[in-house]
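Asks: Sharing start-v7.pdb here; it has PDB, C-alpha atoms and all ligand atoms.
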ATOM      1  CA  MET A  25      -6.119 -29.515 -14.085  1.00  0.00           C
ATOM      2  CA  SER A  26      -9.530 -28.085 -15.066  1.00  0.00           C
ATOM      3  CA  ASP A  27     -10.050 -24.351 -15.272  1.00  0.00           C
ATOM      4  CA  LYS A  28     -12.600 -24.578 -12.486  1.00  0.00           C
ATOM      5  CA  THR A  29     -10.059 -26.222 -10.191  1.00  0.00           C
ATOM      6  CA  GLU A  30      -7.427 -23.622 -11.119  1.00  0.00           C
ATOM      7  CA  LYS A  31      -9.912 -20.885 -10.251  1.00  0.00           C
ATOM      8  CA  ASN A  32     -10.816 -22.546  -6.957  1.00  0.00           C
ATOM      9  CA  LEU A  33      -7.178 -22.959  -6.004  1.00  0.00           C
ATOM     10  CA  ALA A  34      -6.596 -19.274  -6.727  1.00  0.00           C
ATOM     11  CA  TYR A  35      -9.568 -18.414  -4.533  1.00  0.00           C
ATOM     12  CA  ALA A  36      -8.364 -20.676  -1.694  1.00  0.00           C
ATOM     13  CA  PHE A  37      -4.848 -19.216  -1.988  1.00  0.00           C
ATOM     14  CA  ALA A  38      -6.143 -15.649  -1.678  1.00  0.00           C
ATOM     15  CA  ALA A  39      -8.482 -16.500   1.208  1.00  0.00           C
ATOM     16  CA  GLU A  40      -5.828 -18.388   3.195  1.00  0.00           C
ATOM     17  CA  SER A  41      -3.231 -15.670   2.561  1.00  0.00           C
ATOM     18  CA  LYS A  42      -5.594 -13.050   3.923  1.00  0.00           C
ATOM     19  CA  ALA A  43      -6.524 -15.210   6.905  1.00  0.00           C
ATOM     20  CA  ALA A  44      -2.822 -15.681   7.723  1.00  0.00           C
ATOM     21  CA  VAL A  45      -2.162 -11.943   7.805  1.00  0.00           C
ATOM     22  CA  ARG A  46      -5.440 -11.176   9.572  1.00  0.00           C
ATOM     23  CA  ASN A  47      -4.687 -13.697  12.338  1.00  0.00           C
ATOM     24  CA  GLY A  48      -1.209 -12.190  12.677  1.00  0.00           C
ATOM     25  CA  ALA A  49      -2.810  -8.804  13.303  1.00  0.00           C
ATOM     26  CA  PHE A  50      -5.249 -10.384  15.774  1.00  0.00           C
ATOM     27  CA  ALA A  51      -2.238 -11.925  17.584  1.00  0.00           C
ATOM     28  CA  LYS A  52      -0.517  -8.538  17.910  1.00  0.00           C
ATOM     29  CA  LYS A  53      -3.724  -7.043  19.263  1.00  0.00           C
ATOM     30  CA  ALA A  54      -4.162  -9.887  21.775  1.00  0.00           C
ATOM     31  CA  ASP A  55      -0.560  -9.371  22.950  1.00  0.00           C
ATOM     32  CA  ALA A  56      -1.166  -5.643  23.331  1.00  0.00           C
ATOM     33  CA  GLU A  57      -4.284  -6.343  25.390  1.00  0.00           C
ATOM     34  CA  GLY A  58      -2.343  -8.712  27.663  1.00  0.00           C
ATOM     35  CA  TYR A  59      -3.820 -11.983  26.338  1.00  0.00           C
ATOM     36  CA  ALA A  60      -0.529 -13.787  25.670  1.00  0.00           C
ATOM     37  CA  GLN A  61      -2.114 -17.233  25.325  1.00  0.00           C
ATOM     38  CA  ILE A  62      -4.724 -16.004  22.831  1.00  0.00           C
ATOM     39  CA  GLY A  63      -1.905 -14.232  20.977  1.00  0.00           C
ATOM     40  CA  ARG A  64      -0.073 -17.565  20.669  1.00  0.00           C
ATOM     41  CA  LEU A  65      -3.215 -19.228  19.349  1.00  0.00           C
ATOM     42  CA  PHE A  66      -3.757 -16.562  16.681  1.00  0.00           C
ATOM     43  CA  ARG A  67      -0.090 -16.822  15.685  1.00  0.00           C
ATOM     44  CA  ALA A  68      -0.289 -20.616  15.443  1.00  0.00           C
ATOM     45  CA  VAL A  69      -3.400 -20.461  13.254  1.00  0.00           C
ATOM     46  CA  SER A  70      -1.765 -17.727  11.160  1.00  0.00           C
ATOM     47  CA  GLU A  71       1.176 -20.093  10.527  1.00  0.00           C
ATOM     48  CA  ALA A  72      -1.203 -22.900   9.636  1.00  0.00           C
ATOM     49  CA  GLU A  73      -3.106 -20.734   7.123  1.00  0.00           C
ATOM     50  CA  SER A  74       0.248 -19.812   5.549  1.00  0.00           C
ATOM     51  CA  VAL A  75       0.985 -23.517   5.152  1.00  0.00           C
ATOM     52  CA  HIS A  76      -2.336 -23.935   3.328  1.00  0.00           C
ATOM     53  CA  ALA A  77      -1.777 -20.899   1.113  1.00  0.00           C
ATOM     54  CA  ARG A  78       1.701 -22.080   0.093  1.00  0.00           C
ATOM     55  CA  ARG A  79       0.466 -25.563  -0.733  1.00  0.00           C
ATOM     56  CA  TYR A  80      -2.249 -24.182  -3.022  1.00  0.00           C
ATOM     57  CA  LEU A  81       0.184 -21.853  -4.760  1.00  0.00           C
ATOM     58  CA  MET A  82       2.593 -24.736  -5.389  1.00  0.00           C
ATOM     59  CA  LEU A  83      -0.251 -26.651  -7.056  1.00  0.00           C
ATOM     60  CA  MET A  84      -1.303 -23.770  -9.296  1.00  0.00           C
ATOM     61  CA  ARG A  85      -0.099 -23.799 -12.870  1.00  0.00           C
ATOM     62  CA  GLY A  86       3.044 -21.749 -13.472  1.00  0.00           C
ATOM     63  CA  LYS A  87       3.011 -19.840 -10.186  1.00  0.00           C
ATOM     64  CA  VAL A  88       6.213 -21.188  -8.690  1.00  0.00           C
ATOM     65  CA  LYS A  89       8.977 -21.749 -11.236  1.00  0.00           C
ATOM     66  CA  SER A  90      12.753 -21.963 -11.084  1.00  0.00           C
ATOM     67  CA  THR A  91      14.515 -19.598  -8.679  1.00  0.00           C
ATOM     68  CA  GLU A  92      15.902 -17.617 -11.577  1.00  0.00           C
ATOM     69  CA  GLU A  93      12.390 -17.122 -12.974  1.00  0.00           C
ATOM     70  CA  ASN A  94      10.939 -16.438  -9.529  1.00  0.00           C
ATOM     71  CA  LEU A  95      13.469 -13.652  -8.944  1.00  0.00           C
ATOM     72  CA  GLU A  96      12.421 -12.099 -12.229  1.00  0.00           C
ATOM     73  CA  THR A  97       8.720 -12.344 -11.297  1.00  0.00           C
ATOM     74  CA  ALA A  98       9.360 -10.910  -7.830  1.00  0.00           C
ATOM     75  CA  PHE A  99      11.418  -8.054  -9.322  1.00  0.00           C
ATOM     76  CA  ASN A 100       8.671  -7.201 -11.823  1.00  0.00           C
ATOM     77  CA  ASN A 101       5.997  -7.289  -9.107  1.00  0.00           C
ATOM     78  CA  GLU A 102       7.962  -4.802  -6.982  1.00  0.00           C
ATOM     79  CA  ILE A 103       8.429  -2.474  -9.941  1.00  0.00           C
ATOM     80  CA  ARG A 104       4.731  -2.635 -10.800  1.00  0.00           C
ATOM     81  CA  ALA A 105       3.781  -1.875  -7.184  1.00  0.00           C
ATOM     82  CA  ASN A 106       6.244   1.039  -7.046  1.00  0.00           C
ATOM     83  CA  VAL A 107       5.429   2.575 -10.421  1.00  0.00           C
ATOM     84  CA  ASP A 108       1.733   1.830 -11.063  1.00  0.00           C
ATOM     85  CA  GLU A 109      -0.208   0.336  -8.205  1.00  0.00           C
ATOM     86  CA  TYR A 110       0.816   2.394  -5.169  1.00  0.00           C
ATOM     87  CA  PRO A 111       0.803   5.750  -6.988  1.00  0.00           C
ATOM     88  CA  ALA A 112      -2.846   5.143  -7.985  1.00  0.00           C
ATOM     89  CA  LEU A 113      -3.793   4.235  -4.401  1.00  0.00           C
ATOM     90  CA  ILE A 114      -1.901   7.248  -3.034  1.00  0.00           C
ATOM     91  CA  LYS A 115      -3.697   9.578  -5.414  1.00  0.00           C
ATOM     92  CA  ASP A 116      -7.117   8.294  -4.314  1.00  0.00           C
ATOM     93  CA  ALA A 117      -6.216   8.625  -0.633  1.00  0.00           C
ATOM     94  CA  ALA A 118      -4.895  12.155  -1.224  1.00  0.00           C
ATOM     95  CA  ASP A 119      -8.084  13.098  -3.130  1.00  0.00           C
ATOM     96  CA  GLU A 120     -10.083  11.992  -0.113  1.00  0.00           C
ATOM     97  CA  GLY A 121      -7.820  13.896   2.292  1.00  0.00           C
ATOM     98  CA  LYS A 122      -6.731  10.728   4.120  1.00  0.00           C
ATOM     99  CA  GLU A 123      -3.272  11.956   5.079  1.00  0.00           C
ATOM    100  CA  ASN A 124      -2.399   9.056   7.390  1.00  0.00           C
ATOM    101  CA  VAL A 125      -3.268   6.562   4.627  1.00  0.00           C
ATOM    102  CA  VAL A 126      -1.206   8.582   2.130  1.00  0.00           C
ATOM    103  CA  ARG A 127       1.775   8.391   4.479  1.00  0.00           C
ATOM    104  CA  LEU A 128       1.572   4.607   4.936  1.00  0.00           C
ATOM    105  CA  LEU A 129       1.022   3.920   1.236  1.00  0.00           C
ATOM    106  CA  SER A 130       3.891   6.260   0.319  1.00  0.00           C
ATOM    107  CA  GLN A 131       6.254   4.453   2.682  1.00  0.00           C
ATOM    108  CA  ALA A 132       5.226   1.125   1.144  1.00  0.00           C
ATOM    109  CA  ARG A 133       5.749   2.533  -2.382  1.00  0.00           C
ATOM    110  CA  ASP A 134       9.273   3.648  -1.430  1.00  0.00           C
ATOM    111  CA  VAL A 135      10.031   0.333   0.254  1.00  0.00           C
ATOM    112  CA  GLU A 136       9.030  -1.601  -2.895  1.00  0.00           C
ATOM    113  CA  ALA A 137      11.726   0.272  -4.827  1.00  0.00           C
ATOM    114  CA  PHE A 138      14.309  -0.957  -2.313  1.00  0.00           C
ATOM    115  CA  HIS A 139      12.912  -4.480  -2.574  1.00  0.00           C
ATOM    116  CA  SER A 140      13.307  -4.394  -6.352  1.00  0.00           C
ATOM    117  CA  GLN A 141      16.960  -3.344  -5.935  1.00  0.00           C
ATOM    118  CA  LEU A 142      17.607  -6.288  -3.612  1.00  0.00           C
ATOM    119  CA  TYR A 143      16.135  -8.664  -6.194  1.00  0.00           C
ATOM    120  CA  LYS A 144      18.190  -7.095  -8.960  1.00  0.00           C
ATOM    121  CA  LYS A 145      21.314  -7.531  -6.883  1.00  0.00           C
ATOM    122  CA  ALA A 146      20.408 -11.136  -6.093  1.00  0.00           C
ATOM    123  CA  MET A 147      19.883 -11.865  -9.796  1.00  0.00           C
ATOM    124  CA  ASN A 148      23.365 -10.533 -10.529  1.00  0.00           C
ATOM    125  CA  ASP A 149      24.875 -12.369  -7.569  1.00  0.00           C
ATOM    126  CA  MET A 150      23.055 -15.628  -8.120  1.00  0.00           C
ATOM    127  CA  LEU A 151      26.090 -17.660  -8.946  1.00  0.00           C
ATOM    128  CA  SER A 152      28.459 -15.983  -6.499  1.00  0.00           C
ATOM    129  CA  ASP A 153      28.502 -17.349  -2.968  1.00  0.00           C
ATOM    130  CA  ARG A 154      27.995 -14.050  -1.202  1.00  0.00           C
ATOM    131  CA  GLU A 155      26.133 -14.569   2.056  1.00  0.00           C
ATOM    132  CA  THR A 156      24.315 -11.872   3.965  1.00  0.00           C
ATOM    133  CA  GLY A 157      21.603 -11.510   6.554  1.00  0.00           C
ATOM    134  CA  TYR A 158      18.507  -9.379   5.991  1.00  0.00           C
ATOM    135  CA  TYR A 159      16.898  -7.059   8.551  1.00  0.00           C
ATOM    136  CA  VAL A 160      13.230  -6.220   8.026  1.00  0.00           C
ATOM    137  CA  CYS A 161      11.684  -3.067   9.500  1.00  0.00           C
ATOM    138  CA  GLN A 162       8.571  -4.270  11.314  1.00  0.00           C
ATOM    139  CA  VAL A 163       6.952  -0.865  10.893  1.00  0.00           C
ATOM    140  CA  CYS A 164       7.296  -0.167   7.153  1.00  0.00           C
ATOM    141  CA  GLY A 165       8.853  -3.280   5.576  1.00  0.00           C
ATOM    142  CA  TYR A 166      12.173  -1.717   4.537  1.00  0.00           C
ATOM    143  CA  ILE A 167      14.917  -4.362   4.278  1.00  0.00           C
ATOM    144  CA  ALA A 168      18.558  -3.702   5.188  1.00  0.00           C
ATOM    145  CA  GLU A 169      21.416  -6.045   4.317  1.00  0.00           C
ATOM    146  CA  ASP A 170      24.261  -7.076   6.638  1.00  0.00           C
ATOM    147  CA  GLU A 171      23.045  -5.124   9.666  1.00  0.00           C
ATOM    148  CA  ALA A 172      20.119  -3.084  10.872  1.00  0.00           C
ATOM    149  CA  PRO A 173      20.578   0.695  10.536  1.00  0.00           C
ATOM    150  CA  GLU A 174      20.365   3.001  13.566  1.00  0.00           C
ATOM    151  CA  ASN A 175      17.192   4.420  12.035  1.00  0.00           C
ATOM    152  CA  CYS A 176      15.047   3.113   9.202  1.00  0.00           C
ATOM    153  CA  PRO A 177      15.702   5.304   6.123  1.00  0.00           C
ATOM    154  CA  VAL A 178      12.031   5.114   5.122  1.00  0.00           C
ATOM    155  CA  CYS A 179      10.038   5.453   8.363  1.00  0.00           C
ATOM    156  CA  GLY A 180      12.664   6.513  10.907  1.00  0.00           C
ATOM    157  CA  SER A 181      12.078   3.595  13.295  1.00  0.00           C
ATOM    158  CA  VAL A 182      14.897   2.687  15.657  1.00  0.00           C
ATOM    159  CA  LYS A 183      17.211  -0.298  15.252  1.00  0.00           C
ATOM    160  CA  GLY A 184      15.212  -2.408  17.715  1.00  0.00           C
ATOM    161  CA  LYS A 185      12.285  -2.469  15.262  1.00  0.00           C
ATOM    162  CA  PHE A 186      14.274  -4.575  12.782  1.00  0.00           C
ATOM    163  CA  LYS A 187      13.832  -8.329  12.652  1.00  0.00           C
ATOM    164  CA  HIS A 188      16.715 -10.516  11.472  1.00  0.00           C
ATOM    165  CA  VAL A 189      15.835 -13.000   8.739  1.00  0.00           C
TER     166      VAL A 189
HETATM  167 FE    FE B   1       7.922  -5.462  -1.775  1.00  0.00          FE
HETATM  168 FE    FE B   2      10.820   1.366   8.484  1.00  0.00          FE
END
Show this structure as structure tokens.
Ligand SMILES: [Fe+2]
Ligand SMILES: [Fe+2]

Replies:
Amino acid sequence: MSDKTEKNLAYAFAAESKAAVRNGAFAKKADAEGYAQIGRLFRAVSEAESVHARRYLMLMRGKVKSTEENLETAFNNEIRANVDEYPALIKDAADEGKENVVRLLSQARDVEAFHSQLYKKAMNDMLSDRETGYYVCQVCGYIAEDEAPENCPVCGSVKGKFKHV
């Protein structure tokens, strides 16, 4: 594939990924405002944009490899977010006195460390047939195994805020 096409696929992947998340936020807002039907529409389009984004990523050179390699990539991405990327963002927000932004970014930084541990564990367990469910905090993104905790250890949300995956 030409470099231009690779670049365009990367652009389309980023744009569709953002549109998927943005429409998800629009759906939540529509629900909160009592527009259930509009909420469903935004959610449906969000799903569709995710389909597009995934297809582009699958086409891009070297982006989706074997599961063993993907676990390694995912692990390294979490570590980078935890150690380099979020700390830089947190510092900027703190310098500008944006305390609410600092709090959200700090929670995300802490959550990434937990994500990296889950990947590490999965890499070690890859050939065992251990099966577990995952419970994702819908407020901060913390993931619990086996069952949802009474309160999220990162943001304190109650059990009901966890979504089973
Ligand atoms: Fe993460
Ligand atoms: Fe949480």

Asks: Could I get the residue neighbourhood of ligand FE 2 (chain B) at 9 Å, counting all atoms listed in the file, as a list in words?

Replies: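 Checking all atoms listed in the file against ligand FE 2 (chain B) at 9 Å gives Gln131, Val135, Val160, Cys161, Gln162, Val163, Cys164, Gly165, Tyr166, Ile167, Asn175, Cys176, Pro177, Val178, Cys179, Gly180, Ser181, Val182, Lys185 and Phe186 of chain A.
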
Asks: Please write the residues from the selection above to a file, keeping C-alpha atoms, as a PDB file, in the coordinates of the input.

Replies:
ATOM      1  CA  GLN A 131       6.254   4.453   2.682  1.00  0.00           C
ATOM      2  CA  VAL A 135      10.031   0.333   0.254  1.00  0.00           C
ATOM      3  CA  VAL A 160      13.230  -6.220   8.026  1.00  0.00           C
ATOM      4  CA  CYS A 161      11.684  -3.067   9.500  1.00  0.00           C
ATOM      5  CA  GLN A 162       8.571  -4.270  11.314  1.00  0.00           C
ATOM      6  CA  VAL A 163       6.952  -0.865  10.893  1.00  0.00           C
ATOM      7  CA  CYS A 164       7.296  -0.167   7.153  1.00  0.00           C
ATOM      8  CA  GLY A 165       8.853  -3.280   5.576  1.00  0.00           C
ATOM      9  CA  TYR A 166      12.173  -1.717   4.537  1.00  0.00           C
ATOM     10  CA  ILE A 167      14.917  -4.362   4.278  1.00  0.00           C
ATOM     11  CA  ASN A 175      17.192   4.420  12.035  1.00  0.00           C
ATOM     12  CA  CYS A 176      15.047   3.113   9.202  1.00  0.00           C
ATOM     13  CA  PRO A 177      15.702   5.304   6.123  1.00  0.00           C
ATOM     14  CA  VAL A 178      12.031   5.114   5.122  1.00  0.00           C
ATOM     15  CA  CYS A 179      10.038   5.453   8.363  1.00  0.00           C
ATOM     16  CA  GLY A 180      12.664   6.513  10.907  1.00  0.00           C
ATOM     17  CA  SER A 181      12.078   3.595  13.295  1.00  0.00           C
ATOM     18  CA  VAL A 182      14.897   2.687  15.657  1.00  0.00           C
ATOM     19  CA  LYS A 185      12.285  -2.469  15.262  1.00  0.00           C
ATOM     20  CA  PHE A 186      14.274  -4.575  12.782  1.00  0.00           C
TER      21      PHE A 186
END

Asks: Expressed in Å to a single decimal, how great is the separation between CA of Ala112 in chain A and CA of Leu129 in chain A?

Replies: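 So the two atoms, CA of Ala112 in chain A and CA of Leu129 in chain A, lie 10.1 Å apart.
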
Asks: Report as JSON lines: every residue of chain A with an atom at most 6 Å from ligand FE 1 (chain B), its closest pair of atoms, and their distance in Å to one decimal, counting all atoms listed in the file, with rows sorted by chain and ascending residue number.

Replies:
{"residue": "A:Glu102", "atom": "CA", "partner": "B:FE1", "partner_atom": "FE", "distance": 5.2}
{"residue": "A:Glu136", "atom": "CA", "partner": "B:FE1", "partner_atom": "FE", "distance": 4.2}
{"residue": "A:His139", "atom": "CA", "partner": "B:FE1", "partner_atom": "FE", "distance": 5.1}

Asks: Just checking: using all atoms listed in the file, which residue out of A:Ser26, A:Thr156, A:Thr97, A:Ser130 ends up closest to Leu113 in chain A?

Replies: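 Residue with the minimum atom-to-atom distance to Leu113 in chain A: A:Ser130.
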
Asks: Could you tell me which of A:Lys28, A:Glu120, A:Glu155, A:Tyr143 comes closest to Thr91 in chain A if we count all atoms listed in the file?

Replies: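 Of A:Lys28, A:Glu120, A:Glu155, A:Tyr143, the one nearest Thr91 in chain A, counting all atoms listed in the file, is A:Tyr143.
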
Asks: Name the residues that the PyMOL selection byres (((chain A and resi 157) around 6) and not hetatm) picks from the file above, as JSON, numbers by chain, using the file's chain letters and numbers.

Replies: {"A": [156, 158, 169, 170]}

Asks: Keeping only C-alpha atoms, take the residues you just selected and write them out as a PDB file, keeping the file's coordinate frame.

Replies:
ATOM      1  CA  THR A 156      24.315 -11.872   3.965  1.00  0.00           C
ATOM      2  CA  TYR A 158      18.507  -9.379   5.991  1.00  0.00           C
ATOM      3  CA  GLU A 169      21.416  -6.045   4.317  1.00  0.00           C
ATOM      4  CA  ASP A 170      24.261  -7.076   6.638  1.00  0.00           C
TER       5      ASP A 170
END

Asks: Residues of range 71-122 of chain A that approach range 34-58 of chain A to 10 Å or less, counting all atoms listed in the file: could you list each one with the shortest pair of atoms and its distance in Å to one decimal, rows by chain and increasing residue number, as a Markdown table?

Replies:
| residue | atom | partner | partner_atom | distance |
| --- | --- | --- | --- | --- |
| A:Glu71 | CA | A:Ala44 | CA | 6.6 |
| A:Ala72 | CA | A:Ala44 | CA | 7.6 |
| A:Glu73 | CA | A:Ala44 | CA | 5.1 |
| A:Ser74 | CA | A:Ala44 | CA | 5.6 |
| A:Val75 | CA | A:Glu40 | CA | 8.7 |
| A:His76 | CA | A:Glu40 | CA | 6.6 |
| A:Ala77 | CA | A:Phe37 | CA | 4.7 |
| A:Arg78 | CA | A:Phe37 | CA | 7.4 |
| A:Arg79 | CA | A:Phe37 | CA | 8.4 |
| A:Tyr80 | CA | A:Phe37 | CA | 5.7 |
| A:Leu81 | CA | A:Phe37 | CA | 6.3 |
| A:Met82 | CA | A:Phe37 | CA | 9.9 |
| A:Leu83 | CA | A:Ala34 | CA | 9.7 |
| A:Met84 | CA | A:Ala34 | CA | 7.4 |

Asks: Could you work out how far CA of Asn106 in chain A lies from CA of Ser140 in chain A, giving the answer in Å with one decimal?

Replies: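 Answer for the CA of Ser140 in chain A to CA of Asn106 in chain A separation: 8.9 Å.
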
Asks: Select, from A:Ala117, A:Ala137, A:Val189, A:Met150, the residue with the minimum atom-to-atom distance to Asn100 in chain A, counting all atoms listed in the file.

Replies: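 That would be A:Ala137, the residue with the smallest distance to Asn100 in chain A.
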
Asks: At most 8 Å from (14.9, -10.0, -2.6), file frame, all atoms listed in the file: which residues, as a PyMOL selection string?

Replies: chain A and resi 95+98-99+139-144+146

Asks: Hey, which of A:Asn148, A:Tyr110, A:His188, A:Arg154 ends up closest to Arg133 in chain A? Count only C-alpha atoms.

Replies: A:Tyr110

Asks: For Thr29 in chain A, which residue out of A:Ile114, A:Arg85, A:Glu174, A:Gly121 is the nearest one, using only C-alpha atoms?

Replies: A:Arg85

Asks: Please indicate the distance in Å from CA of Ile62 in chain A to CA of Lys183 in chain A, rounded to one decimal place.

Replies: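 Interatomic distance here is 28.0 Å.
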